[in-house]
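Next up, target01.txt (compact mmCIF, C-alpha atoms (C1' of nucleotides)):
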# COMPACT_ATOMS: atom_id res chain seq x y z
CA MET A 158 -32.23 -1.88 15.45
CA ASP A 159 -33.41 1.72 15.27
CA ALA A 160 -30.11 3.09 16.52
CA LEU A 161 -27.99 5.26 14.27
CA THR A 162 -24.23 5.56 14.07
CA ILE A 163 -22.62 8.92 14.61
CA HIS A 164 -22.54 9.88 10.95
CA GLU A 165 -26.17 8.97 10.43
CA ALA A 166 -27.18 10.81 13.59
CA ALA A 167 -25.23 13.81 12.39
CA ALA A 168 -27.02 13.73 9.05
CA THR A 169 -30.50 13.72 10.61
CA THR A 170 -29.85 16.25 13.37
CA GLY A 171 -27.72 18.87 11.68
CA TRP A 172 -24.80 18.49 14.04
CA SER A 173 -21.40 17.38 12.80
CA PRO A 174 -19.94 14.09 14.06
CA ARG A 175 -17.23 16.13 15.72
CA MET A 176 -19.81 18.16 17.61
CA LEU A 177 -21.78 15.09 18.63
CA ARG A 178 -18.65 13.84 20.36
CA TYR A 179 -18.20 17.24 21.95
CA VAL A 180 -21.82 17.39 23.14
CA GLU A 181 -21.25 14.01 24.72
CA ARG A 182 -18.05 15.23 26.35
CA VAL A 183 -19.79 18.11 28.10
CA GLY A 184 -22.41 15.65 29.35
CA LEU A 185 -25.51 16.89 27.55
CA VAL A 186 -26.35 13.95 25.25
CA GLU A 187 -24.66 10.65 26.03
CA PRO A 188 -25.55 7.90 23.55
CA ALA A 189 -25.35 4.18 24.34
CA ARG A 190 -22.39 2.20 23.04
CA SER A 191 -22.19 -1.00 21.04
CA ALA A 192 -20.10 -3.92 22.26
CA LYS A 193 -17.15 -2.55 20.31
CA GLY A 194 -17.58 1.01 21.49
CA TYR A 195 -19.54 2.52 18.62
CA ARG A 196 -21.91 5.33 19.66
CA LEU A 197 -25.57 4.37 19.16
CA TYR A 198 -28.11 7.17 18.83
CA GLY A 199 -31.71 6.15 19.48
CA PRO A 200 -34.88 8.19 18.81
CA ALA A 201 -34.69 9.83 22.22
CA GLU A 202 -31.13 11.07 21.62
CA LEU A 203 -32.01 12.30 18.14
CA GLN A 204 -34.93 14.28 19.51
CA ARG A 205 -32.81 15.75 22.26
CA LEU A 206 -30.17 16.79 19.77
CA ARG A 207 -32.72 18.57 17.61
CA THR A 208 -34.34 20.40 20.51
CA LEU A 209 -30.89 21.20 21.85
CA ARG A 210 -30.04 23.07 18.70
CA GLU A 211 -33.29 25.01 18.86
CA LEU A 212 -32.71 25.88 22.48
CA LEU A 213 -29.21 27.21 21.84
CA ASP A 214 -30.19 29.17 18.76
CA GLU A 215 -33.38 30.71 20.12
CA HIS A 216 -31.89 31.95 23.37
CA ASP A 217 -28.34 32.57 22.25
CA ILE A 218 -26.78 30.43 24.96
CA GLY A 219 -23.83 28.05 24.79
CA LEU A 220 -23.32 24.40 25.50
CA SER A 221 -21.31 25.37 28.56
CA ASP A 222 -24.24 27.39 29.89
CA LEU A 223 -26.52 24.40 29.60
CA ALA A 224 -23.83 22.18 31.10
CA PHE A 225 -23.77 24.52 34.09
CA ALA A 226 -27.56 24.37 34.42
CA LEU A 227 -27.26 20.60 34.42
CA ARG A 228 -24.57 20.76 37.07
CA LEU A 229 -26.84 23.01 39.12
CA ARG A 230 -29.54 20.41 39.24
CA ARG A 231 -27.21 17.51 39.94
CA ASP A 232 -25.21 19.21 42.71
CA GLY A 233 -27.61 20.29 45.42
CA ASP A 234 -24.86 22.02 47.35
CA LEU A 235 -23.95 24.17 44.41
CA ARG A 236 -27.59 24.88 43.74
CA GLU A 237 -28.19 26.09 47.26
CA ALA A 238 -25.06 28.20 47.26
CA THR A 239 -25.82 29.98 44.00
CA ASP A 240 -29.48 30.42 44.88
CA ALA A 241 -28.54 31.89 48.22
CA TRP A 242 -26.11 34.32 46.65
CA LEU A 243 -28.53 35.42 43.94
CA ASP A 244 -31.44 35.66 46.38
CA ALA A 245 -29.48 38.09 48.51
CA GLU A 246 -29.37 40.55 45.64
CA ALA A 247 -30.40 44.10 46.46
CA GLN A 248 -31.35 42.90 49.93
CA GLN A 249 -30.71 45.04 52.96
CA PRO A 250 -28.29 43.34 55.36
CA ALA A 251 -31.01 43.71 58.01
CA ASP A 252 -30.39 40.28 59.50
CA VAL A 253 -30.27 36.71 58.38
CA PRO A 254 -33.75 35.23 57.98
CA THR A 255 -34.54 32.11 59.97
CA THR A 256 -35.07 28.79 58.26
CA GLU A 257 -38.79 29.06 58.97
CA ASP A 258 -38.92 32.47 57.30
CA TRP A 259 -37.18 31.08 54.29
CA LEU A 260 -39.49 28.09 54.01
CA HIS A 261 -42.45 30.40 54.27
CA PHE A 262 -41.05 32.59 51.54
CA GLU A 263 -40.40 29.60 49.32
CA GLN A 264 -43.92 28.34 49.83
CA GLU A 265 -45.38 31.71 48.89
CA LYS A 266 -43.14 31.80 45.84
CA HIS A 267 -44.42 28.40 44.84
CA GLN A 268 -48.01 29.51 45.26
CA ARG A 269 -47.35 32.46 42.98
CA LEU A 270 -45.83 30.15 40.41
CA LEU A 271 -48.85 27.87 40.50
CA ALA A 272 -51.21 30.82 40.20
CA ALA A 273 -49.34 32.19 37.24
CA LEU A 274 -49.34 28.85 35.50
CA ALA A 275 -53.01 28.26 36.18
CA SER A 276 -54.00 31.59 34.67
CA ARG A 277 -51.73 31.01 31.72
CA THR A 278 -53.32 27.71 30.66
CA THR A 279 -57.00 26.81 31.00
CA THR A 280 -59.03 28.68 33.57
CA HIS A 281 -59.70 25.25 35.00
CA SER A 282 -59.83 25.41 38.81
CA LEU A 283 -57.03 23.68 40.65
CA GLU A 284 -58.54 23.70 44.11
CA THR A 285 -60.98 20.98 43.13
CA ALA A 286 -58.16 18.51 42.51
CA MET B 68 -20.93 58.27 54.17
CA ASP B 69 -19.96 54.63 54.62
CA ALA B 70 -19.38 54.10 50.91
CA LEU B 71 -15.93 53.14 49.64
CA THR B 72 -14.25 54.04 46.38
CA ILE B 73 -13.13 51.30 44.07
CA HIS B 74 -9.58 51.10 45.44
CA GLU B 75 -10.78 50.94 49.03
CA ALA B 76 -13.37 48.34 48.16
CA ALA B 77 -10.69 46.34 46.38
CA ALA B 78 -8.46 46.50 49.45
CA THR B 79 -11.14 45.16 51.80
CA THR B 80 -12.55 42.49 49.51
CA GLY B 81 -9.47 41.01 47.90
CA TRP B 82 -10.55 41.80 44.35
CA SER B 83 -8.52 44.11 42.15
CA PRO B 84 -10.05 47.39 40.96
CA ARG B 85 -9.89 45.97 37.46
CA MET B 86 -11.90 42.94 38.48
CA LEU B 87 -14.46 45.03 40.35
CA ARG B 88 -15.17 46.82 37.08
CA TYR B 89 -15.39 43.46 35.31
CA VAL B 90 -17.73 42.01 37.94
CA GLU B 91 -19.91 45.06 37.40
CA ARG B 92 -19.77 44.57 33.63
CA VAL B 93 -21.10 41.02 33.82
CA GLY B 94 -23.92 42.30 36.04
CA LEU B 95 -23.14 40.53 39.31
CA VAL B 96 -22.32 43.45 41.64
CA GLU B 97 -23.36 46.91 40.45
CA PRO B 98 -22.36 49.66 42.88
CA ALA B 99 -24.08 53.05 43.08
CA ARG B 100 -22.43 56.05 41.45
CA SER B 101 -21.57 59.47 42.77
CA ALA B 102 -22.73 62.59 40.93
CA LYS B 103 -19.50 62.57 38.95
CA GLY B 104 -19.62 58.89 38.15
CA TYR B 105 -17.40 57.44 40.85
CA ARG B 106 -18.37 53.91 41.92
CA LEU B 107 -19.59 53.80 45.54
CA TYR B 108 -19.42 50.46 47.34
CA GLY B 109 -21.65 50.21 50.42
CA PRO B 110 -21.63 47.48 53.07
CA ALA B 111 -24.05 45.35 51.06
CA GLU B 112 -21.82 45.38 47.98
CA LEU B 113 -18.73 44.61 50.05
CA GLN B 114 -20.45 41.62 51.62
CA ARG B 115 -21.61 40.37 48.25
CA LEU B 116 -18.12 40.67 46.85
CA ARG B 117 -16.65 38.64 49.69
CA THR B 118 -19.24 35.89 49.46
CA LEU B 119 -18.90 35.96 45.69
CA ARG B 120 -15.24 35.07 45.98
CA GLU B 121 -16.02 32.22 48.38
CA LEU B 122 -18.73 30.91 46.09
CA LEU B 123 -16.45 30.86 43.06
CA ASP B 124 -13.53 29.31 44.89
CA GLU B 125 -15.46 26.64 46.78
CA HIS B 126 -17.38 25.32 43.80
CA ASP B 127 -14.88 26.03 41.07
CA ILE B 128 -17.30 27.99 38.92
CA GLY B 129 -16.75 31.14 36.87
CA LEU B 130 -18.29 34.57 36.83
CA SER B 131 -19.94 33.69 33.52
CA ASP B 132 -21.60 30.66 35.11
CA LEU B 133 -23.10 32.81 37.82
CA ALA B 134 -24.06 35.40 35.23
CA PHE B 135 -25.97 32.69 33.41
CA ALA B 136 -27.71 31.61 36.62
CA LEU B 137 -28.73 35.24 37.08
CA ARG B 138 -30.00 35.38 33.52
CA LEU B 139 -31.97 32.21 34.20
CA ARG B 140 -33.87 33.82 37.02
CA ARG B 141 -34.50 37.08 35.21
CA ASP B 142 -35.65 35.54 31.93
CA GLY B 143 -38.62 33.30 32.64
CA ASP B 144 -38.78 32.15 29.04
CA LEU B 145 -35.20 30.98 29.10
CA ARG B 146 -35.77 29.38 32.46
CA GLU B 147 -38.72 27.38 31.22
CA ALA B 148 -36.94 26.31 28.05
CA THR B 149 -33.81 25.05 29.82
CA ASP B 150 -35.82 23.38 32.57
CA ALA B 151 -37.95 21.63 29.99
CA TRP B 152 -34.92 20.39 28.08
CA LEU B 153 -33.13 19.18 31.17
CA ASP B 154 -36.28 17.60 32.62
CA ALA B 155 -36.69 15.48 29.51
CA GLU B 156 -33.38 13.82 30.23
CA ALA B 157 -33.42 10.04 30.17
CA GLN B 158 -37.17 10.19 29.76
CA GLN B 159 -39.01 7.78 27.53
CA PRO B 160 -40.73 9.61 24.69
CA ALA B 161 -43.95 8.01 25.95
CA ASP B 162 -46.10 11.10 25.51
CA VAL B 163 -46.16 14.69 26.61
CA PRO B 164 -47.54 15.06 30.16
CA THR B 165 -50.54 17.30 30.63
CA THR B 166 -50.22 20.58 32.47
CA GLU B 167 -52.07 19.07 35.42
CA ASP B 168 -49.62 16.18 35.57
CA TRP B 169 -46.77 18.60 35.55
CA LEU B 170 -48.22 20.76 38.30
CA HIS B 171 -48.79 17.67 40.39
CA PHE B 172 -45.21 16.59 39.83
CA GLU B 173 -43.90 20.04 40.77
CA GLN B 174 -45.98 20.03 43.93
CA GLU B 175 -44.61 16.66 44.97
CA LYS B 176 -41.11 17.84 44.20
CA HIS B 177 -41.67 20.83 46.43
CA GLN B 178 -42.96 18.65 49.22
CA ARG B 179 -39.84 16.53 48.99
CA LEU B 180 -37.69 19.66 49.16
CA LEU B 181 -39.50 20.87 52.24
CA ALA B 182 -39.19 17.48 53.89
CA ALA B 183 -35.49 17.31 53.16
CA LEU B 184 -34.93 20.78 54.54
CA ALA B 185 -36.96 20.10 57.64
CA SER B 186 -34.99 16.98 58.49
CA ARG B 187 -31.74 18.77 57.77
CA THR B 188 -32.28 21.58 60.28
CA THR B 189 -33.98 21.23 63.64
CA THR B 190 -36.37 18.35 64.10
CA HIS B 191 -38.90 21.05 64.89
CA SER B 192 -42.28 20.15 63.43
CA LEU B 193 -43.49 22.31 60.58
CA GLU B 194 -47.12 21.29 60.64
CA THR B 195 -47.69 23.25 63.86
CA ALA B 196 -46.81 26.53 62.16
C1' DG C 199 -10.39 -8.54 1.83
C1' DC C 200 -11.20 -3.99 0.88
C1' DA C 201 -13.82 0.28 1.18
C1' DA C 202 -16.30 2.78 4.31
C1' DC C 203 -17.20 3.39 8.47
C1' DC C 204 -15.85 3.69 13.77
C1' DT C 205 -12.58 4.96 17.75
C1' DT C 206 -9.27 8.26 20.37
C1' DG C 207 -5.80 11.74 20.15
C1' DA C 208 -3.71 15.80 18.40
C1' DC C 209 -2.95 20.40 15.93
C1' DA C 210 -5.26 24.56 14.64
C1' DC C 211 -7.92 28.60 15.08
C1' DA C 212 -11.66 32.17 16.17
C1' DA C 213 -14.24 33.96 19.86
C1' DG C 214 -15.08 34.55 24.78
C1' DT C 215 -13.33 34.79 29.82
C1' DG C 216 -10.40 36.49 33.30
C1' DT C 217 -6.79 39.57 34.47
C1' DG C 218 -2.90 43.02 34.22
C1' DT C 219 -1.24 47.35 32.65
C1' DC C 220 -1.04 51.69 30.46
C1' DA C 221 -2.84 56.21 28.26
C1' DG C 222 -5.60 60.27 28.19
C1' DG C 223 -8.51 63.02 30.60
C1' DG C 224 -11.57 64.52 34.82
C1' DT C 225 -12.14 65.04 40.26
C1' DG C 226 -11.03 65.66 45.19
C1' DG C 227 -8.55 67.00 49.30
C1' DC C 228 -5.40 69.59 51.58
C1' DG D 47 -2.56 73.96 42.49
C1' DC D 48 -0.78 69.49 42.93
C1' DC D 49 -0.85 64.67 43.77
C1' DA D 50 -3.53 60.86 44.26
C1' DC D 51 -7.30 59.15 43.02
C1' DC D 52 -11.43 58.25 39.52
C1' DC D 53 -13.23 57.32 34.72
C1' DT D 54 -13.26 54.82 29.95
C1' DG D 55 -10.85 52.55 26.35
C1' DA D 56 -7.28 49.77 24.50
C1' DC D 57 -3.42 46.30 24.06
C1' DA D 58 -1.85 42.02 25.85
C1' DC D 59 -1.86 37.34 27.32
C1' DA D 60 -3.34 32.69 29.14
C1' DC D 61 -7.06 29.72 29.28
C1' DT D 62 -11.62 27.79 27.77
C1' DT D 63 -15.26 26.96 24.22
C1' DG D 64 -16.66 25.61 19.88
C1' DT D 65 -15.38 23.65 15.60
C1' DG D 66 -12.67 21.63 11.61
C1' DT D 67 -9.32 18.44 10.02
C1' DC D 68 -6.02 14.82 9.99
C1' DA D 69 -3.48 10.49 11.72
C1' DA D 70 -3.15 5.79 13.41
C1' DG D 71 -5.52 1.96 14.31
C1' DG D 72 -9.95 -1.21 14.91
C1' DT D 73 -14.74 -2.95 12.79
C1' DT D 74 -18.28 -4.06 9.45
C1' DG D 75 -20.61 -5.23 5.29
C1' DC D 76 -20.71 -7.10 1.06
Could I get this file's structure written as structure tokens?
Amino acid sequence: MDALTIHEAAATTGWSPRMLRYVERVGLVEPARSAKGYRLYGPAELQRLRTLRELLDEHDIGLSDLAFALRLRRDGDLREATDAWLDAEAQQPADVPTTEDWLHFEQEKHQRLLAALASRTTTHSLETA
Amino acid sequence: MDALTIHEAAATTGWSPRMLRYVERVGLVEPARSAKGYRLYGPAELQRLRTLRELLDEHDIGLSDLAFALRLRRDGDLREATDAWLDAEAQQPADVPTTEDWLHFEQEKHQRLLAALASRTTTHSLETA
DNA sequence: GCAACCTTGACACAAGTGTGTCAGGGTGGC
DNA sequence: GCCACCCTGACACACTTGTGTCAAGGTTGC
């Protein structure tokens, strides 16, 4: 019952119907469909559409950028390839690190991330968990 | 001494001089400069240019996509915002998870990544390290 | 049963991406 | 000192992205 048609969804989210179809096309917000093919926007979709607009405006990125980020997390191969290329930046071609080295590096990176997050929120200790 | 000019670099990497300037413009491969401003491509840049071409061809992505991935890892704010938006995908608007919940989830995710990597390479045990 | 919606498809158009080429001026090697 | 290179900037052109509008046909509500 609490599902809006495309015009109603457009009215409450600030997007145009045309753009809602486009956003669906690039795979970012895909509403359910009625038996006859009408798009049905539920509360979750409406919220995503509103935050989507904020995200794009605040960081000056495009739908295609976000679509690529989505592709990155769906295609593990692609993810690994791009990460590998970007990680190699400004790195001496000393020699290829072993898998163990890489895992170790990743683990340290993760520890740093956790530490940064912990200090950013409450000073609540994490080791006691 | 082992630094090539833009034409030489183009010849050995398969890019055109024009495109090497463009790749530099979008921030993906930025060669050093001579005193008079000539671009100097060292072995590291040449290697990056070759692997860059492979990466683009094999996954059918564009320079702008990779530029965005680079931006993602340089701008932590942007990174967090896009991750948050994408993570919320297909998620019930039950309620916002606490920071502790999120950390726990990230840790489990990391464990799964490590496990997947370990099984993908040698069957060498990691716990003995 | 008709007005107001929905669907997909197409034409249009500005801005950005990817690429070539050319002009005007500086640099380097022999 | 000359020719082949380097630099930046610009024009050009095809393709993609983002967006509006309009057409032809189906659905829904009252």
For the point (-7.3, 9.9, 21.1) in file coordinates, what residues are within 12 Å, counting all atoms listed in the file? Give the answer as a list in words?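 Counting all atoms listed in the file, I find these residues within 12 Å of (-7.3, 9.9, 21.1): DT205, DT206, DG207 and DA208 of chain C; DA69, DA70 and DG71 of chain D.
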Quick one: everything within 10 Å of Ile73 of chain B, counting all atoms listed in the file, minus sequence neighbours fewer than 5 positions away in the same chain. Send it as an MDAnalysis selection string. (chainID B and resid 78 82:85 87:88 98 105:108) or (chainID D and resid 51:52)
Using only C-alpha atoms (C1' of nucleotides), determine which residues of chain B fall within 9 Å of chain C; present them as a list in words.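 In the required form, that comes to Arg85, Met86, Tyr89, Lys103, Gly129, Leu130 and Ser131 of chain B.
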Hey, can you check how far atom CA of Ala241 of chain A sits from atom CA of Val183 of chain A?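 Going from atom CA of Ala241 of chain A over to atom CA of Val183 of chain A, I get 25.9 Å.
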Just give me the gap between atom CA of Arg92 of chain B and atom CA of Leu137 of chain B in Å, one decimal is fine.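 Here the two named atoms are 13.4 Å from each other.
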Enter the distance from atom CA of Thr162 of chain A to atom CA of Ala226 of chain A, in Å, rounded to one decimal.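 It comes out at 27.9 Å.
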Excluding Leu206 of chain A and its own-chain neighbours fewer than 4 positions away, which residues fall within 10 Å of it when counting all atoms listed in the file? Please give them as a PyMOL selection string. chain A and resi 166-167+169-172+177+180+185-186+198+200-202+210-212
Chain A contacts on chain D, only C-alpha atoms (C1' of nucleotides), 9 Å, as a ChimeraX atom specification: /D:63-66,73
Which of these residues is nearest to chain A, using all atoms listed in the file: B:Ala99, B:Leu113, B:Leu119, B:Ala70? B:Leu119
From the coordinates I just gave you, please extract chain D so that only N, CA and C atoms (P, O5', C5', C4', C3', O3' and C1' of nucleotides) remain, then output it as a compact mmCIF listing (two decimals), in the first residue's frame.
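result06.txt, written as the output of this step:
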# COMPACT_ATOMS: atom_id res chain seq x y z
P DG D 47 75.39 30.92 -35.85
O5' DG D 47 74.29 30.15 -36.69
C5' DG D 47 74.71 29.55 -37.91
C4' DG D 47 73.78 28.40 -38.19
C3' DG D 47 72.30 28.76 -38.08
O3' DG D 47 71.62 27.82 -38.90
C1' DG D 47 72.77 27.15 -36.49
P DC D 48 70.78 28.29 -40.16
O5' DC D 48 70.20 26.84 -40.49
C5' DC D 48 71.13 25.76 -40.32
C4' DC D 48 70.44 24.46 -39.98
C3' DC D 48 68.92 24.44 -40.12
O3' DC D 48 68.61 23.15 -40.59
C1' DC D 48 69.50 23.89 -37.91
P DC D 49 67.23 22.89 -41.47
O5' DC D 49 66.81 21.43 -40.99
C5' DC D 49 67.84 20.50 -40.62
C4' DC D 49 67.35 19.56 -39.53
C3' DC D 49 65.85 19.25 -39.60
O3' DC D 49 65.68 17.88 -39.31
C1' DC D 49 66.37 20.15 -37.48
P DA D 50 64.25 17.16 -39.46
O5' DA D 50 64.10 16.46 -38.04
C5' DA D 50 65.26 15.92 -37.39
C4' DA D 50 64.98 15.82 -35.91
C3' DA D 50 63.53 15.39 -35.60
O3' DA D 50 63.54 14.44 -34.55
C1' DA D 50 64.00 17.41 -34.52
P DC D 51 62.19 13.60 -34.24
O5' DC D 51 61.59 14.34 -32.96
C5' DC D 51 61.97 13.91 -31.70
C4' DC D 51 62.19 15.10 -30.78
C3' DC D 51 61.01 15.41 -29.87
O3' DC D 51 61.02 14.57 -28.75
C1' DC D 51 62.20 17.37 -30.58
P DC D 52 59.66 14.47 -27.84
O5' DC D 52 59.58 15.89 -27.10
C5' DC D 52 60.36 16.11 -25.95
C4' DC D 52 60.11 17.51 -25.42
C3' DC D 52 58.65 17.76 -25.06
O3' DC D 52 58.40 17.52 -23.70
C1' DC D 52 59.61 19.59 -26.29
P DC D 53 56.88 17.56 -23.19
O5' DC D 53 56.50 19.11 -23.23
C5' DC D 53 57.08 19.98 -22.27
C4' DC D 53 56.58 21.38 -22.47
C3' DC D 53 55.07 21.50 -22.42
O3' DC D 53 54.64 21.73 -21.10
C1' DC D 53 55.96 22.72 -24.28
P DT D 54 53.11 21.39 -20.72
O5' DT D 54 52.29 22.64 -21.28
C5' DT D 54 52.65 23.95 -20.90
C4' DT D 54 51.86 24.95 -21.74
C3' DT D 54 50.34 24.80 -21.61
O3' DT D 54 49.79 26.08 -21.34
C1' DT D 54 50.99 24.76 -23.91
P DG D 55 48.23 26.22 -20.94
O5' DG D 55 47.56 26.48 -22.37
C5' DG D 55 47.97 27.60 -23.12
C4' DG D 55 47.23 27.65 -24.44
C3' DG D 55 45.74 27.32 -24.32
O3' DG D 55 44.99 28.34 -24.95
C1' DG D 55 46.76 26.00 -26.02
P DA D 56 43.37 28.31 -24.86
O5' DA D 56 42.96 27.84 -26.33
C5' DA D 56 43.49 28.53 -27.43
C4' DA D 56 43.17 27.77 -28.72
C3' DA D 56 41.70 27.35 -28.82
O3' DA D 56 41.16 27.85 -30.03
C1' DA D 56 43.17 25.53 -29.29
P DC D 57 39.56 27.86 -30.24
O5' DC D 57 39.36 26.83 -31.45
C5' DC D 57 40.12 26.99 -32.63
C4' DC D 57 39.97 25.76 -33.50
C3' DC D 57 38.54 25.26 -33.61
O3' DC D 57 38.30 24.89 -34.96
C1' DC D 57 39.92 23.53 -32.84
P DA D 58 36.84 24.48 -35.49
O5' DA D 58 36.94 22.89 -35.50
C5' DA D 58 38.08 22.26 -36.05
C4' DA D 58 37.89 20.76 -35.95
C3' DA D 58 36.43 20.30 -35.88
O3' DA D 58 36.25 19.23 -36.77
C1' DA D 58 37.68 19.36 -34.11
P DC D 59 34.77 18.90 -37.36
O5' DC D 59 34.65 17.33 -37.19
C5' DC D 59 35.80 16.52 -37.00
C4' DC D 59 35.48 15.39 -36.05
C3' DC D 59 33.97 15.13 -35.87
O3' DC D 59 33.72 13.77 -36.09
C1' DC D 59 35.06 15.24 -33.78
P DA D 60 32.25 13.18 -36.28
O5' DA D 60 32.31 11.96 -35.26
C5' DA D 60 33.36 11.00 -35.37
C4' DA D 60 33.35 10.12 -34.13
C3' DA D 60 31.96 9.59 -33.77
O3' DA D 60 32.09 8.26 -33.28
C1' DA D 60 32.80 10.90 -31.99
P DC D 61 30.76 7.37 -33.04
O5' DC D 61 30.71 7.24 -31.46
C5' DC D 61 31.91 6.91 -30.75
C4' DC D 61 31.73 7.21 -29.28
C3' DC D 61 30.35 6.80 -28.74
O3' DC D 61 30.56 5.94 -27.63
C1' DC D 61 30.93 8.99 -28.04
P DT D 62 29.31 5.23 -26.86
O5' DT D 62 29.18 6.07 -25.49
C5' DT D 62 30.29 6.07 -24.60
C4' DT D 62 30.03 7.04 -23.46
C3' DT D 62 28.75 6.77 -22.66
O3' DT D 62 29.12 6.74 -21.29
C1' DT D 62 28.85 9.04 -23.30
P DT D 63 28.08 6.40 -20.10
O5' DT D 63 27.60 7.85 -19.63
C5' DT D 63 28.59 8.77 -19.21
C4' DT D 63 27.96 10.02 -18.62
C3' DT D 63 26.71 9.81 -17.78
O3' DT D 63 26.83 10.69 -16.68
C1' DT D 63 26.24 11.32 -19.50
P DG D 64 25.81 10.55 -15.41
O5' DG D 64 24.77 11.72 -15.70
C5' DG D 64 25.26 13.05 -15.76
C4' DG D 64 24.15 13.98 -16.21
C3' DG D 64 22.79 13.77 -15.55
O3' DG D 64 22.29 15.06 -15.21
C1' DG D 64 22.53 13.82 -17.86
P DT D 65 21.13 15.20 -14.14
O5' DT D 65 19.88 15.53 -15.07
C5' DT D 65 19.85 16.76 -15.78
C4' DT D 65 18.86 16.73 -16.90
C3' DT D 65 17.46 16.21 -16.60
O3' DT D 65 16.66 17.29 -16.14
C1' DT D 65 18.19 15.81 -18.84
P DG D 66 15.04 17.16 -16.16
O5' DG D 66 14.65 17.56 -17.68
C5' DG D 66 14.90 18.86 -18.16
C4' DG D 66 14.25 19.01 -19.54
C3' DG D 66 12.74 18.72 -19.56
O3' DG D 66 12.04 19.82 -20.14
C1' DG D 66 13.86 17.49 -21.26
P DT D 67 10.44 19.82 -20.16
O5' DT D 67 10.14 19.15 -21.59
C5' DT D 67 10.75 19.67 -22.76
C4' DT D 67 10.32 18.85 -23.97
C3' DT D 67 8.84 18.49 -23.98
O3' DT D 67 8.29 18.74 -25.26
C1' DT D 67 10.15 16.56 -24.30
P DC D 68 6.64 18.87 -25.39
O5' DC D 68 6.37 18.09 -26.74
C5' DC D 68 7.46 17.68 -27.58
C4' DC D 68 7.18 16.31 -28.17
C3' DC D 68 5.71 15.88 -28.14
O3' DC D 68 5.33 15.46 -29.44
C1' DC D 68 7.10 14.17 -27.29
P DA D 69 3.86 15.01 -29.76
O5' DA D 69 4.04 13.46 -30.14
C5' DA D 69 5.13 13.06 -30.98
C4' DA D 69 5.04 11.56 -31.23
C3' DA D 69 3.61 11.04 -31.35
O3' DA D 69 3.56 9.99 -32.30
C1' DA D 69 4.70 9.99 -29.53
P DA D 70 2.15 9.50 -32.88
O5' DA D 70 2.06 7.99 -32.34
C5' DA D 70 3.19 7.13 -32.48
C4' DA D 70 2.91 5.84 -31.74
C3' DA D 70 1.44 5.42 -31.75
O3' DA D 70 1.37 4.00 -31.88
C1' DA D 70 2.17 5.67 -29.53
P DG D 71 -0.02 3.26 -32.08
O5' DG D 71 -0.27 2.59 -30.65
C5' DG D 71 0.60 1.55 -30.23
C4' DG D 71 0.48 1.36 -28.75
C3' DG D 71 -0.92 0.93 -28.25
O3' DG D 71 -0.81 -0.29 -27.55
C1' DG D 71 0.03 2.58 -26.89
P DG D 72 -2.10 -1.06 -27.04
O5' DG D 72 -1.92 -1.04 -25.46
C5' DG D 72 -0.94 -1.92 -24.87
C4' DG D 72 -0.86 -1.65 -23.38
C3' DG D 72 -2.10 -2.07 -22.59
O3' DG D 72 -1.67 -2.62 -21.35
C1' DG D 72 -1.65 0.21 -22.24
P DT D 73 -2.75 -3.22 -20.35
O5' DT D 73 -2.96 -2.03 -19.32
C5' DT D 73 -1.85 -1.63 -18.50
C4' DT D 73 -2.31 -0.81 -17.32
C3' DT D 73 -3.51 -1.33 -16.55
O3' DT D 73 -3.23 -1.06 -15.20
C1' DT D 73 -3.95 0.85 -17.26
P DT D 74 -4.01 -1.78 -14.00
O5' DT D 74 -4.49 -0.53 -13.13
C5' DT D 74 -3.88 0.75 -13.36
C4' DT D 74 -4.71 1.83 -12.69
C3' DT D 74 -5.90 1.34 -11.88
O3' DT D 74 -5.98 2.17 -10.77
C1' DT D 74 -6.65 2.80 -13.54
P DG D 75 -6.90 1.78 -9.49
O5' DG D 75 -7.71 3.14 -9.38
C5' DG D 75 -7.07 4.38 -9.72
C4' DG D 75 -8.08 5.50 -9.70
C3' DG D 75 -9.27 5.26 -8.78
O3' DG D 75 -9.75 6.54 -8.37
C1' DG D 75 -10.02 5.31 -11.00
P DC D 76 -10.65 6.67 -7.03
O5' DC D 76 -11.95 7.44 -7.54
C5' DC D 76 -11.78 8.62 -8.34
C4' DC D 76 -12.96 8.79 -9.28
C3' DC D 76 -14.32 8.56 -8.61
O3' DC D 76 -15.18 9.63 -8.95
C1' DC D 76 -14.16 7.34 -10.62
